[in-house]
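Just below is one structure, and these are the notes that go with it.
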Amino acid sequence: MQADLDALAEFREPDAEGWTRRVFSPAYTRSREWVASSMGDAGLAVKRDGAGNVVGALPGSSSGLLVTGSHTDTVAGGGRFDGPLGVLAAIEVARCIRDSGYALQHELRVVDFLGEEPNEFGVSCVGSRSIAGTLTPTHLASRDASGRTLAEAIASAGGDPDRISDAAWTPGSMSAFVELHIEQGPVLEDSGIPLAIVSGIAGIDRVQAIFSGEAAHAGTTPMDSRHDALCAAAEAVLAVERLASGGVGTTGRLEVFPGAANVVPGKAEMWAEFRSIDRAWLDERHEGFARAAAEAGARRGVVTKVSAMSRTEPVTTSAEVRAAMKIAIEGLGLQFLVLASGAGHDTVQMARLGPVGMIFVPSAGGRSHCADEWTGPEYVEAGASALLATILALDAR
Ligand SMILES: [Zn+2]
């Protein structure tokens with residue numbers, strides 16, 4: 001697996017930082033020829049679906065699908081583990097099963113999902129959306145800066161726009177999906193524990209607040225007669241931080257108008273988000289933020305408009321899949337934590353088709369989406385072993 005991780009990392013964009021291999025780049029397209037041939041070498045029958053997913057299959061004796069995989073694209077300046085670990089471990093699992101002569105009951109499918117990371121078309125999880133049947137004509141018609149559509153880009157990456165809708169799988173056909181991924185945070189490393197069973201994947205509630213006050217001269221307008229839009233926004237930013245207790249909340253963007261040092265701000269716009277695996281918590285935070293922002297505006301005679309921008313519901317992993325993971329990991333004599341994922345994954349899309357689960361391994365220093373992204377060989381081995389044992393436990397049911 002270490003050799004595979006090293007080999008895949010060599011497919012990188014020549015003029016970019018780190019281990020960059022963005023979806024639709026020539027490096028990415030070439031790397032997936034390598035992925036497909038690795039799948040073939042491991043005994044998998046390999047197909048490229050209409051949406052550009054690389055799918056390998058190992059036959060089973062009865063019906064039902066067990067599916068595992070992840071993605072091999074990276075963010076700009078990204079690392080060697082976010083995504084590739086889950087694909088290469090899945091191929092290793094297939095290789096171990098083939099070499100042992102073990103007869104699977106379920107068909108095992110290994111998937112390298114096309115383009116999981118956000119791209120210039122503004123659509124993440126392109127491949128897993130297509131398999132889950134949630135890639136819409138609107139997504140496919142979206143254009144990048146050069147005017148190219150997402151459908152055209154998919155064709156350039158080995159897909160077939162006329163067959164994209166054929167990539168969707170039938171809901172209920174999948175017995176389980178399991179994804180191995182790096183944690184991308186510090187919790188496992190800090191606790192010295194090699195594995196986590198993921199309890200759920202956080203939903204995201206994004207809101208925008210626009211504060212409209214009154215621009216005025218910064219030297220001649222007395223403090224008690226101002227309608228300072230930025231001061232109202234600043235209170236709302238701190239409200240996000242206060243409300244985030246029990247989950248996470250971030251104000252990632254704030255714009256101030258007219259944005260001059262000698263003018264009392266007349267207008268401020270902020271974009272904030274809350275993440276949690278608890279739907280009710282997200283609802284409460286959404287309302288709590290709207291109230292806090294309105295109060296902050298009212299105190300200053302500033303008009304406040306809060307609007308919902310987007311909402312992704314949390315995904316809970318399957319209790320049955322988590323139980324199989326627990327048996328598998330205990331059988332290996334390894335320790336684990338139960339963690340929620342604050343980052344999105346292909347697993348979110350696959351949850352539409354059937355029961356899902358995720359296993360995390362530690363990220364050195366909690367670092368991810370950077371060139372230093374690192375997971376030690378002992379953790380790579382623990383993660384791949386846990387994935388294999390989980391697949392076998394699920395197959396035996
Ligand atoms: Zn990832």
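In the structure tokens, chains take letters A, B, ... by order of appearance, with residues numbered from 1 within each chain and ligands from 1 in the order shown.
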| task | Give the residue list for ligand 1 at 9 Å, counting only C-alpha atoms and all ligand atoms, as a PyMOL selection string, sorted by chain and then by residue number. | result | chain A and resi 70-74+81-84+86+116-117+181-182+184+343-346
Against stretch 358-381 of chain A, which residues of stretch 247-347 of chain A fall within 10 Å? For each one I want the closest pair of atoms and the distance in Å (one decimal), counting only C-alpha atoms, rows by chain and increasing residue number, as a tab-separated table.
```
residue	atom	partner	partner_atom	distance
A:Thr317	CA	A:Met358	CA	7.6
A:Ser318	CA	A:Met358	CA	9.6
A:Val321	CA	A:Met358	CA	8.8
A:Arg322	CA	A:Met358	CA	8.3
A:Met325	CA	A:Ile359	CA	8.2
A:Phe336	CA	A:Phe360	CA	9.3
A:Leu337	CA	A:Phe360	CA	9.3
A:Val338	CA	A:Ile359	CA	9.4
A:Leu339	CA	A:Phe360	CA	8.5
A:Ala340	CA	A:Met358	CA	9.8
A:Ser341	CA	A:Phe360	CA	9.0
A:His345	CA	A:Met358	CA	9.5
A:Thr347	CA	A:Met358	CA	7.6
```
| task | One decimal, Å: what's the distance from atom CA of A:Leu353 over to atom CA of A:Glu152, could you say? | result |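 Separation of atom CA of A:Leu353 and atom CA of A:Glu152: 26.5 Å.
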| strand (DSSP E or B) call set, DSSP backbone run, stretch 30-269 of chain A, as a PyMOL selection string | chain A and resi 45-48+54-58+65-71+107-113+143+149+174-182+195-201+203-212+214+216-217+227+248-257+263-264+267-269
Keeping only C-alpha atoms, write the selected residues to a file as a compact mmCIF listing (two decimals), in the first residue's frame.
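So out09.txt came out as:
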```txt
# COMPACT_ATOMS: atom_id res chain seq x y z
CA ALA A 45 -13.34 -6.44 -13.51
CA VAL A 46 -12.97 -2.73 -14.32
CA LYS A 47 -15.52 -0.43 -15.97
CA ARG A 48 -15.68 3.31 -16.57
CA VAL A 54 -13.78 3.96 -12.23
CA VAL A 55 -15.60 0.92 -10.84
CA GLY A 56 -14.02 -2.49 -10.18
CA ALA A 57 -16.03 -5.59 -9.31
CA LEU A 58 -15.22 -8.92 -7.64
CA LEU A 65 -23.55 -5.34 -3.25
CA LEU A 66 -20.83 -4.41 -0.80
CA VAL A 67 -19.20 -1.19 -1.91
CA THR A 68 -16.06 0.61 -0.80
CA GLY A 69 -13.99 3.43 -2.22
CA SER A 70 -13.23 7.14 -2.12
CA HIS A 71 -11.71 9.73 -4.48
CA GLU A 107 -20.40 -8.74 -5.12
CA LEU A 108 -17.64 -6.38 -3.95
CA ARG A 109 -17.45 -3.07 -5.80
CA VAL A 110 -14.47 -0.75 -5.51
CA VAL A 111 -15.13 2.82 -6.68
CA ASP A 112 -12.80 5.70 -7.49
CA PHE A 113 -15.45 8.46 -7.50
CA ARG A 143 -19.84 26.37 -16.66
CA THR A 149 -19.91 22.86 -19.20
CA MET A 174 -26.53 -1.80 -2.08
CA SER A 175 -26.17 -3.83 1.13
CA ALA A 176 -23.58 -1.42 2.53
CA PHE A 177 -21.01 1.23 1.60
CA VAL A 178 -17.85 1.73 3.67
CA GLU A 179 -15.29 4.52 3.14
CA LEU A 180 -11.86 4.66 4.75
CA HIS A 181 -10.59 8.24 5.06
CA ILE A 182 -8.12 10.33 7.02
CA LEU A 195 -9.00 4.28 14.38
CA ALA A 196 -12.39 5.96 14.62
CA ILE A 197 -15.82 4.67 13.74
CA VAL A 198 -17.69 7.65 12.28
CA SER A 199 -21.06 8.25 13.95
CA GLY A 200 -22.32 10.70 11.36
CA ILE A 201 -21.38 13.41 8.91
CA GLY A 203 -24.94 18.86 8.08
CA ILE A 204 -24.20 22.45 7.09
CA ASP A 205 -26.51 25.46 7.51
CA ARG A 206 -25.23 28.58 5.71
CA VAL A 207 -26.73 32.00 6.28
CA GLN A 208 -26.15 35.48 4.98
CA ALA A 209 -26.87 38.67 6.94
CA ILE A 210 -26.99 42.13 5.39
CA PHE A 211 -26.81 45.12 7.73
CA SER A 212 -27.93 48.43 6.26
CA GLU A 214 -26.01 54.95 7.35
CA ALA A 216 -21.38 59.12 7.59
CA HIS A 217 -18.26 61.22 8.17
CA HIS A 227 -26.01 53.79 12.55
CA VAL A 248 -18.97 24.41 15.12
CA GLY A 249 -19.82 27.82 13.69
CA THR A 250 -17.76 30.10 11.46
CA THR A 251 -18.10 33.52 9.88
CA GLY A 252 -15.84 33.03 6.87
CA ARG A 253 -16.56 36.19 4.97
CA LEU A 254 -17.41 39.79 5.79
CA GLU A 255 -17.63 42.74 3.39
CA VAL A 256 -17.83 46.36 4.49
CA PHE A 257 -19.12 49.31 2.42
CA VAL A 263 -16.32 56.67 6.74
CA VAL A 264 -18.73 55.13 9.27
CA LYS A 267 -23.47 48.53 4.91
CA ALA A 268 -21.97 45.19 5.94
CA GLU A 269 -22.60 41.72 4.54
```
| query | Out of A:Leu5, A:Ala239, A:Val302, A:Ala396, which residue has the shortest atom-to-atom distance to A:Arg226 when counting only C-alpha atoms? | reply |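 Once distances to A:Arg226 are computed over only C-alpha atoms, the minimum belongs to A:Val302.
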| Could you pull out the alpha helix (DSSP H) residues of stretch 105-141 of chain A from DSSP and send them as a count of residues only? | 12
| query | Mind pulling up the distance from atom CA of A:Gly247 to atom CA of A:Trp281? | reply | 8.2 Å
| field | Nearest-residue call for A:Pro118, choices A:Gly288, A:Glu17, A:Ala76, A:Thr220, using only C-alpha atoms | value |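 For A:Pro118, the nearest of the given residues is A:Ala76.
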| task | Give me, please, the distance in Å between atom CA of A:Gln2 and atom CA of A:Ser37, quoted to one decimal. | result |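 Answer for the atom CA of A:Gln2 to atom CA of A:Ser37 separation: 17.1 Å.
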| said: I'd like to know which of A:Ala382, A:Val75, A:Ala260, A:Ala272 is closest to A:Arg22, using only C-alpha atoms. | reply: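 Smallest separation from A:Arg22 among the options: A:Val75.
Nearest residue to A:Val93 among A:Asn119, A:Glu295, A:Ala389, A:Pro258 is A:Ala389, counting only C-alpha atoms.
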| Do you know which residues are at most 12 Å from A:Gly246 counting only C-alpha atoms, after dropping those on the same chain fewer than 2 positions away, and could you put them as an NGL selection string? | :A and (241-244 or 248-249 or 274-278 or 280-282 or 284-285)
